[in-house]
Each structure stands twice: as structure tokens, then as C-alpha cells.
file start26.txt (compact mmCIF, N, CA and C atoms)
# COMPACT_ATOMS: atom_id res chain seq x y z
N MET A 1267 -3.03 -31.87 -19.71
CA MET A 1267 -2.43 -30.74 -19.01
C MET A 1267 -1.61 -29.94 -20.01
N GLY A 1268 -1.87 -28.66 -20.12
CA GLY A 1268 -1.16 -27.84 -21.08
C GLY A 1268 -0.17 -26.92 -20.41
N TRP A 1269 0.81 -26.49 -21.19
CA TRP A 1269 1.78 -25.52 -20.70
C TRP A 1269 1.18 -24.13 -20.80
N THR A 1270 1.55 -23.27 -19.93
CA THR A 1270 1.05 -21.91 -19.99
C THR A 1270 2.21 -20.94 -20.15
N PRO A 1271 2.18 -20.11 -21.20
CA PRO A 1271 3.28 -19.17 -21.40
C PRO A 1271 3.31 -18.03 -20.39
N ASP A 1272 2.24 -17.85 -19.64
CA ASP A 1272 2.20 -16.75 -18.69
C ASP A 1272 2.52 -17.22 -17.26
N LEU A 1273 3.49 -18.11 -17.15
CA LEU A 1273 3.98 -18.58 -15.87
C LEU A 1273 4.65 -17.41 -15.16
N SER A 1274 4.23 -17.12 -13.94
CA SER A 1274 4.84 -16.01 -13.21
C SER A 1274 6.21 -16.42 -12.71
N TYR A 1275 7.03 -15.43 -12.39
CA TYR A 1275 8.37 -15.71 -11.88
C TYR A 1275 8.29 -16.44 -10.55
N GLU A 1276 7.33 -16.10 -9.72
CA GLU A 1276 7.16 -16.76 -8.43
C GLU A 1276 6.76 -18.22 -8.64
N GLU A 1277 5.88 -18.49 -9.60
CA GLU A 1277 5.49 -19.87 -9.91
C GLU A 1277 6.69 -20.66 -10.44
N PHE A 1278 7.47 -20.00 -11.30
CA PHE A 1278 8.67 -20.63 -11.83
C PHE A 1278 9.62 -21.03 -10.71
N LEU A 1279 9.87 -20.12 -9.76
CA LEU A 1279 10.77 -20.42 -8.64
C LEU A 1279 10.23 -21.57 -7.79
N SER A 1280 8.93 -21.58 -7.56
CA SER A 1280 8.32 -22.65 -6.78
C SER A 1280 8.46 -23.99 -7.49
N LEU A 1281 8.20 -24.00 -8.78
CA LEU A 1281 8.34 -25.22 -9.58
C LEU A 1281 9.80 -25.69 -9.61
N ALA A 1282 10.70 -24.76 -9.82
CA ALA A 1282 12.13 -25.10 -9.86
C ALA A 1282 12.58 -25.71 -8.53
N LYS A 1283 12.13 -25.14 -7.45
CA LYS A 1283 12.49 -25.65 -6.12
C LYS A 1283 11.90 -27.04 -5.92
N THR A 1284 10.66 -27.25 -6.34
CA THR A 1284 10.02 -28.55 -6.23
C THR A 1284 10.77 -29.61 -7.02
N LEU A 1285 11.31 -29.21 -8.18
CA LEU A 1285 12.05 -30.14 -9.03
C LEU A 1285 13.50 -30.33 -8.58
N GLY A 1286 13.89 -29.67 -7.51
CA GLY A 1286 15.21 -29.87 -6.94
C GLY A 1286 16.28 -28.93 -7.46
N LEU A 1287 15.88 -27.89 -8.19
CA LEU A 1287 16.87 -26.92 -8.67
C LEU A 1287 17.21 -25.93 -7.57
N ASN A 1288 18.42 -25.46 -7.59
CA ASN A 1288 18.85 -24.44 -6.62
C ASN A 1288 18.34 -23.09 -7.11
N VAL A 1289 17.35 -22.55 -6.45
CA VAL A 1289 16.74 -21.29 -6.88
C VAL A 1289 17.61 -20.08 -6.53
N GLU A 1290 18.71 -20.31 -5.86
CA GLU A 1290 19.62 -19.21 -5.55
C GLU A 1290 20.70 -19.03 -6.61
N GLU A 1291 20.74 -19.91 -7.61
CA GLU A 1291 21.74 -19.81 -8.68
C GLU A 1291 21.55 -18.51 -9.45
N PRO A 1292 22.63 -17.86 -9.87
CA PRO A 1292 22.51 -16.58 -10.59
C PRO A 1292 21.88 -16.71 -11.98
N HIS A 1293 21.86 -17.90 -12.56
CA HIS A 1293 21.31 -18.07 -13.91
C HIS A 1293 19.80 -18.28 -13.92
N ARG A 1294 19.14 -18.23 -12.77
CA ARG A 1294 17.71 -18.52 -12.71
C ARG A 1294 16.87 -17.56 -13.56
N LYS A 1295 17.24 -16.30 -13.62
CA LYS A 1295 16.48 -15.35 -14.43
C LYS A 1295 16.67 -15.63 -15.92
N GLU A 1296 17.86 -16.06 -16.30
CA GLU A 1296 18.10 -16.43 -17.69
C GLU A 1296 17.28 -17.67 -18.06
N LEU A 1297 17.21 -18.66 -17.16
CA LEU A 1297 16.42 -19.86 -17.39
C LEU A 1297 14.94 -19.51 -17.49
N PHE A 1298 14.46 -18.64 -16.62
CA PHE A 1298 13.06 -18.22 -16.67
C PHE A 1298 12.75 -17.54 -18.00
N SER A 1299 13.63 -16.69 -18.46
CA SER A 1299 13.44 -16.00 -19.73
C SER A 1299 13.38 -17.00 -20.88
N TYR A 1300 14.26 -18.00 -20.86
CA TYR A 1300 14.28 -19.04 -21.90
C TYR A 1300 12.97 -19.82 -21.89
N ILE A 1301 12.49 -20.19 -20.72
CA ILE A 1301 11.24 -20.94 -20.62
C ILE A 1301 10.08 -20.13 -21.17
N GLN A 1302 10.06 -18.84 -20.90
CA GLN A 1302 9.00 -17.98 -21.43
C GLN A 1302 9.00 -17.98 -22.96
N GLU A 1303 10.17 -18.11 -23.57
CA GLU A 1303 10.27 -18.15 -25.04
C GLU A 1303 9.86 -19.49 -25.60
N VAL A 1304 10.12 -20.57 -24.87
CA VAL A 1304 9.88 -21.92 -25.36
C VAL A 1304 8.42 -22.35 -25.20
N PHE A 1305 7.75 -21.93 -24.17
CA PHE A 1305 6.38 -22.37 -23.90
C PHE A 1305 5.42 -22.22 -25.08
N PRO A 1306 5.40 -21.10 -25.80
CA PRO A 1306 4.47 -20.99 -26.93
C PRO A 1306 4.72 -22.08 -27.99
N GLY A 1307 5.95 -22.46 -28.20
CA GLY A 1307 6.24 -23.54 -29.16
C GLY A 1307 5.73 -24.88 -28.68
N LEU A 1308 5.76 -25.11 -27.38
CA LEU A 1308 5.23 -26.36 -26.83
C LEU A 1308 3.72 -26.44 -27.03
N ARG A 1309 3.06 -25.32 -26.98
CA ARG A 1309 1.61 -25.29 -27.21
C ARG A 1309 1.30 -25.80 -28.62
N LYS A 1310 2.12 -25.44 -29.60
CA LYS A 1310 1.91 -25.89 -30.98
C LYS A 1310 2.06 -27.40 -31.09
N ILE A 1311 2.95 -28.00 -30.31
CA ILE A 1311 3.12 -29.45 -30.34
C ILE A 1311 1.84 -30.13 -29.85
N GLU A 1312 1.22 -29.58 -28.82
CA GLU A 1312 -0.02 -30.15 -28.30
C GLU A 1312 -1.15 -30.12 -29.33
N GLU A 1313 -1.10 -29.19 -30.26
CA GLU A 1313 -2.16 -29.04 -31.25
C GLU A 1313 -2.03 -29.98 -32.44
N LEU A 1314 -0.91 -30.71 -32.54
CA LEU A 1314 -0.72 -31.63 -33.66
C LEU A 1314 -1.73 -32.77 -33.61
N ASP A 1315 -2.32 -33.09 -34.77
CA ASP A 1315 -3.24 -34.22 -34.86
C ASP A 1315 -2.44 -35.45 -35.25
N LEU A 1316 -2.22 -36.32 -34.28
CA LEU A 1316 -1.44 -37.52 -34.50
C LEU A 1316 -2.32 -38.77 -34.44
N SER A 1317 -3.62 -38.58 -34.56
CA SER A 1317 -4.56 -39.70 -34.39
C SER A 1317 -4.39 -40.79 -35.43
N ASP A 1318 -3.87 -40.47 -36.61
CA ASP A 1318 -3.72 -41.49 -37.65
C ASP A 1318 -2.34 -42.14 -37.66
N LEU A 1319 -1.52 -41.85 -36.66
CA LEU A 1319 -0.17 -42.41 -36.59
C LEU A 1319 -0.10 -43.51 -35.54
N GLU A 1320 0.63 -44.56 -35.87
CA GLU A 1320 0.87 -45.64 -34.92
C GLU A 1320 2.02 -45.24 -34.00
N PRO A 1321 1.99 -45.69 -32.76
CA PRO A 1321 3.12 -45.39 -31.88
C PRO A 1321 4.40 -46.04 -32.41
N MET A 1322 5.51 -45.36 -32.24
CA MET A 1322 6.79 -45.92 -32.67
C MET A 1322 7.29 -46.88 -31.61
N THR A 1323 7.93 -47.93 -32.06
CA THR A 1323 8.57 -48.86 -31.13
C THR A 1323 10.06 -48.80 -31.37
N PHE A 1324 10.80 -48.97 -30.33
CA PHE A 1324 12.25 -48.92 -30.39
C PHE A 1324 12.81 -50.24 -29.89
N PRO A 1325 13.84 -50.73 -30.52
CA PRO A 1325 14.43 -51.99 -30.03
C PRO A 1325 15.06 -51.79 -28.66
N SER A 1326 15.03 -52.84 -27.88
CA SER A 1326 15.67 -52.80 -26.57
C SER A 1326 17.18 -52.78 -26.74
N PRO A 1327 17.90 -52.11 -25.86
CA PRO A 1327 19.36 -52.15 -25.96
C PRO A 1327 19.85 -53.58 -25.69
N LEU A 1328 20.97 -53.91 -26.27
CA LEU A 1328 21.54 -55.23 -26.05
C LEU A 1328 21.92 -55.40 -24.59
N SER A 1329 21.82 -56.62 -24.11
CA SER A 1329 22.24 -56.88 -22.73
C SER A 1329 23.75 -56.68 -22.65
N PRO A 1330 24.29 -56.38 -21.49
CA PRO A 1330 25.73 -56.10 -21.36
C PRO A 1330 26.61 -57.23 -21.90
N SER A 1331 26.16 -58.48 -21.80
CA SER A 1331 27.00 -59.59 -22.25
C SER A 1331 27.06 -59.70 -23.77
N ARG A 1332 26.15 -58.99 -24.50
CA ARG A 1332 26.13 -59.10 -25.96
C ARG A 1332 26.48 -57.80 -26.64
N GLU A 1333 26.98 -56.84 -25.92
CA GLU A 1333 27.34 -55.57 -26.51
C GLU A 1333 28.64 -55.67 -27.29
N GLU A 1334 28.80 -54.80 -28.25
CA GLU A 1334 30.03 -54.64 -29.02
C GLU A 1334 30.55 -55.92 -29.62
N GLY A 1335 29.67 -56.69 -30.26
CA GLY A 1335 30.08 -57.83 -31.05
C GLY A 1335 30.44 -59.08 -30.28
N GLU A 1336 30.20 -59.13 -29.00
CA GLU A 1336 30.50 -60.34 -28.25
C GLU A 1336 29.53 -61.43 -28.68
N GLU A 1337 30.02 -62.63 -28.81
CA GLU A 1337 29.18 -63.73 -29.25
C GLU A 1337 28.50 -64.39 -28.06
N ARG A 1338 27.35 -65.03 -28.36
CA ARG A 1338 26.61 -65.76 -27.35
C ARG A 1338 27.30 -67.07 -27.04
N GLU A 1339 27.24 -67.46 -25.78
CA GLU A 1339 27.78 -68.76 -25.40
C GLU A 1339 26.80 -69.83 -25.78
N SER A 1340 27.29 -70.96 -26.26
CA SER A 1340 26.41 -72.07 -26.68
C SER A 1340 26.21 -73.04 -25.54
call {"tool": "encode", "arguments": {"input": "start26.txt", "output": "C-alpha cells"}}
result
Amino acid sequence: MGWTPDLSYEEFLSLAKTLGLNVEEPHRKELFSYIQEVFPGLRKIEELDLSDLEPMTFPSPLSPSREEGEERES
């Protein structure tokens, strides 16, 4: 599924409402304008060839009992 830079304002409002945003907020036109600027850059990300890269793995966060230097009970 690709992003489309020619998202209409009506489609934007419908999507925003579906995602739980308040479409009556005064900043909605500013947000729509920002999204119109960002979409073309997202298209470039989709075009990256990452087929020769392994997925990155991230360590799990420490459990609450072992955070901030607390020692394990024996």
C-alpha cells in the first residue's frame, strides 16, 4: 500500500476522523498542508532496495524489578 501525495482535503478529513482526531480543530488545515509536503518523501522511502539487509533486532527492555541497577534475588 503506497502513500498518495494527491490526497484530497475531504479524504484527509475522513481519515482524520476515522483515526479519532477532532476535525473541528483550527489547526486541521495546517496539518493537511504539512501532510501534503511529507507524502512525496515517504514515496522515496518505499523505493529503497533493502533486500540485502537483515532485519534489526532490539533488546527487550529490562523487567521492572531489574531496572536502574537493582540486583537479582538469589
call {"tool": "axis_aligned_box", "arguments": {"input": "start26.txt", "around": "stretch 1297-1300 of chain A", "padding_each_side": "3 Å", "output": "JSON"}}
result
{"center_x": 15.0, "center_y": -17.9, "center_z": -19.3, "size_x": 10.5, "size_y": 9.9, "size_z": 11.3}
call {"tool": "atom_distance", "arguments": {"input": "start26.txt", "atom1": "atom CA of A:His1293", "atom2": "atom N of A:Leu1273"}}
result
18.1 Å
call {"tool": "closest_residue", "arguments": {"input": "start26.txt", "among": "A:Asp1315, A:Phe1298, A:Val1289, A:Pro1321", "to": "A:Tyr1275", "atoms": "all atoms listed in the file"}}
result
A:Phe1298
call {"tool": "closest_residue", "arguments": {"input": "start26.txt", "among": "A:Asp1318, A:Asp1272, A:Pro1327, A:Ala1282", "to": "A:Phe1305", "atoms": "only C-alpha atoms"}}
result
A:Asp1272
call {"tool": "decode", "arguments": {"input": "start26.txt", "residues": "stretch 1279-1311 of chain A", "atoms": "N, CA and C atoms", "output": "PDB file, in the first residue's frame"}}
result
ATOM      1  N   LEU A1279      -9.898  14.739   5.856  1.00  0.00           N
ATOM      2  CA  LEU A1279     -10.822  14.907   6.980  1.00  0.00           C
ATOM      3  C   LEU A1279     -11.464  13.580   7.369  1.00  0.00           C
ATOM      4  N   SER A1280     -11.831  12.787   6.379  1.00  0.00           N
ATOM      5  CA  SER A1280     -12.431  11.486   6.655  1.00  0.00           C
ATOM      6  C   SER A1280     -11.438  10.571   7.366  1.00  0.00           C
ATOM      7  N   LEU A1281     -10.208  10.547   6.898  1.00  0.00           N
ATOM      8  CA  LEU A1281      -9.169   9.735   7.522  1.00  0.00           C
ATOM      9  C   LEU A1281      -8.880  10.220   8.945  1.00  0.00           C
ATOM     10  N   ALA A1282      -8.770  11.521   9.109  1.00  0.00           N
ATOM     11  CA  ALA A1282      -8.510  12.095  10.435  1.00  0.00           C
ATOM     12  C   ALA A1282      -9.625  11.719  11.412  1.00  0.00           C
ATOM     13  N   LYS A1283     -10.847  11.799  10.964  1.00  0.00           N
ATOM     14  CA  LYS A1283     -11.988  11.456  11.816  1.00  0.00           C
ATOM     15  C   LYS A1283     -11.958   9.977  12.166  1.00  0.00           C
ATOM     16  N   THR A1284     -11.641   9.125  11.196  1.00  0.00           N
ATOM     17  CA  THR A1284     -11.543   7.688  11.433  1.00  0.00           C
ATOM     18  C   THR A1284     -10.462   7.370  12.462  1.00  0.00           C
ATOM     19  N   LEU A1285      -9.369   8.132  12.430  1.00  0.00           N
ATOM     20  CA  LEU A1285      -8.269   7.918  13.366  1.00  0.00           C
ATOM     21  C   LEU A1285      -8.504   8.566  14.723  1.00  0.00           C
ATOM     22  N   GLY A1286      -9.644   9.212  14.893  1.00  0.00           N
ATOM     23  CA  GLY A1286     -10.012   9.766  16.182  1.00  0.00           C
ATOM     24  C   GLY A1286      -9.587  11.207  16.408  1.00  0.00           C
ATOM     25  N   LEU A1287      -9.141  11.885  15.353  1.00  0.00           N
ATOM     26  CA  LEU A1287      -8.769  13.289  15.504  1.00  0.00           C
ATOM     27  C   LEU A1287     -10.018  14.160  15.451  1.00  0.00           C
ATOM     28  N   ASN A1288      -9.970  15.262  16.156  1.00  0.00           N
ATOM     29  CA  ASN A1288     -11.071  16.218  16.133  1.00  0.00           C
ATOM     30  C   ASN A1288     -10.936  17.058  14.869  1.00  0.00           C
ATOM     31  N   VAL A1289     -11.799  16.831  13.908  1.00  0.00           N
ATOM     32  CA  VAL A1289     -11.710  17.534  12.625  1.00  0.00           C
ATOM     33  C   VAL A1289     -12.209  18.973  12.714  1.00  0.00           C
ATOM     34  N   GLU A1290     -12.697  19.370  13.868  1.00  0.00           N
ATOM     35  CA  GLU A1290     -13.137  20.746  14.051  1.00  0.00           C
ATOM     36  C   GLU A1290     -12.030  21.645  14.590  1.00  0.00           C
ATOM     37  N   GLU A1291     -10.865  21.074  14.907  1.00  0.00           N
ATOM     38  CA  GLU A1291      -9.741  21.858  15.428  1.00  0.00           C
ATOM     39  C   GLU A1291      -9.283  22.872  14.380  1.00  0.00           C
ATOM     40  N   PRO A1292      -8.896  24.071  14.793  1.00  0.00           N
ATOM     41  CA  PRO A1292      -8.483  25.102  13.835  1.00  0.00           C
ATOM     42  C   PRO A1292      -7.170  24.783  13.112  1.00  0.00           C
ATOM     43  N   HIS A1293      -6.355  23.878  13.636  1.00  0.00           N
ATOM     44  CA  HIS A1293      -5.073  23.569  13.010  1.00  0.00           C
ATOM     45  C   HIS A1293      -5.176  22.511  11.913  1.00  0.00           C
ATOM     46  N   ARG A1294      -6.373  22.040  11.595  1.00  0.00           N
ATOM     47  CA  ARG A1294      -6.529  20.951  10.626  1.00  0.00           C
ATOM     48  C   ARG A1294      -5.996  21.325   9.239  1.00  0.00           C
ATOM     49  N   LYS A1295      -6.159  22.559   8.821  1.00  0.00           N
ATOM     50  CA  LYS A1295      -5.651  22.964   7.502  1.00  0.00           C
ATOM     51  C   LYS A1295      -4.129  23.004   7.501  1.00  0.00           C
ATOM     52  N   GLU A1296      -3.538  23.402   8.615  1.00  0.00           N
ATOM     53  CA  GLU A1296      -2.080  23.401   8.727  1.00  0.00           C
ATOM     54  C   GLU A1296      -1.548  21.968   8.687  1.00  0.00           C
ATOM     55  N   LEU A1297      -2.231  21.038   9.373  1.00  0.00           N
ATOM     56  CA  LEU A1297      -1.833  19.638   9.360  1.00  0.00           C
ATOM     57  C   LEU A1297      -1.968  19.057   7.954  1.00  0.00           C
ATOM     58  N   PHE A1298      -3.054  19.374   7.269  1.00  0.00           N
ATOM     59  CA  PHE A1298      -3.242  18.890   5.896  1.00  0.00           C
ATOM     60  C   PHE A1298      -2.129  19.398   4.990  1.00  0.00           C
ATOM     61  N   SER A1299      -1.766  20.648   5.120  1.00  0.00           N
ATOM     62  CA  SER A1299      -0.692  21.228   4.318  1.00  0.00           C
ATOM     63  C   SER A1299       0.633  20.514   4.593  1.00  0.00           C
ATOM     64  N   TYR A1300       0.909  20.227   5.863  1.00  0.00           N
ATOM     65  CA  TYR A1300       2.140  19.519   6.238  1.00  0.00           C
ATOM     66  C   TYR A1300       2.160  18.122   5.627  1.00  0.00           C
ATOM     67  N   ILE A1301       1.045  17.421   5.692  1.00  0.00           N
ATOM     68  CA  ILE A1301       0.971  16.068   5.135  1.00  0.00           C
ATOM     69  C   ILE A1301       1.210  16.101   3.636  1.00  0.00           C
ATOM     70  N   GLN A1302       0.673  17.089   2.953  1.00  0.00           N
ATOM     71  CA  GLN A1302       0.894  17.213   1.509  1.00  0.00           C
ATOM     72  C   GLN A1302       2.388  17.380   1.192  1.00  0.00           C
ATOM     73  N   GLU A1303       3.134  18.035   2.075  1.00  0.00           N
ATOM     74  CA  GLU A1303       4.575  18.221   1.864  1.00  0.00           C
ATOM     75  C   GLU A1303       5.355  16.957   2.172  1.00  0.00           C
ATOM     76  N   VAL A1304       4.903  16.174   3.137  1.00  0.00           N
ATOM     77  CA  VAL A1304       5.637  14.997   3.599  1.00  0.00           C
ATOM     78  C   VAL A1304       5.416  13.776   2.702  1.00  0.00           C
ATOM     79  N   PHE A1305       4.257  13.614   2.142  1.00  0.00           N
ATOM     80  CA  PHE A1305       3.939  12.423   1.346  1.00  0.00           C
ATOM     81  C   PHE A1305       4.952  12.110   0.242  1.00  0.00           C
ATOM     82  N   PRO A1306       5.413  13.076  -0.544  1.00  0.00           N
ATOM     83  CA  PRO A1306       6.388  12.736  -1.584  1.00  0.00           C
ATOM     84  C   PRO A1306       7.675  12.128  -1.007  1.00  0.00           C
ATOM     85  N   GLY A1307       8.094  12.561   0.152  1.00  0.00           N
ATOM     86  CA  GLY A1307       9.280  11.978   0.793  1.00  0.00           C
ATOM     87  C   GLY A1307       9.044  10.544   1.230  1.00  0.00           C
ATOM     88  N   LEU A1308       7.829  10.239   1.656  1.00  0.00           N
ATOM     89  CA  LEU A1308       7.503   8.872   2.045  1.00  0.00           C
ATOM     90  C   LEU A1308       7.550   7.941   0.842  1.00  0.00           C
ATOM     91  N   ARG A1309       7.196   8.437  -0.307  1.00  0.00           N
ATOM     92  CA  ARG A1309       7.256   7.640  -1.534  1.00  0.00           C
ATOM     93  C   ARG A1309       8.700   7.202  -1.795  1.00  0.00           C
ATOM     94  N   LYS A1310       9.668   8.078  -1.546  1.00  0.00           N
ATOM     95  CA  LYS A1310      11.076   7.744  -1.746  1.00  0.00           C
ATOM     96  C   LYS A1310      11.520   6.631  -0.810  1.00  0.00           C
ATOM     97  N   ILE A1311      10.989   6.597   0.406  1.00  0.00           N
ATOM     98  CA  ILE A1311      11.333   5.530   1.347  1.00  0.00           C
ATOM     99  C   ILE A1311      10.862   4.187   0.807  1.00  0.00           C
TER     100      ILE A1311
END
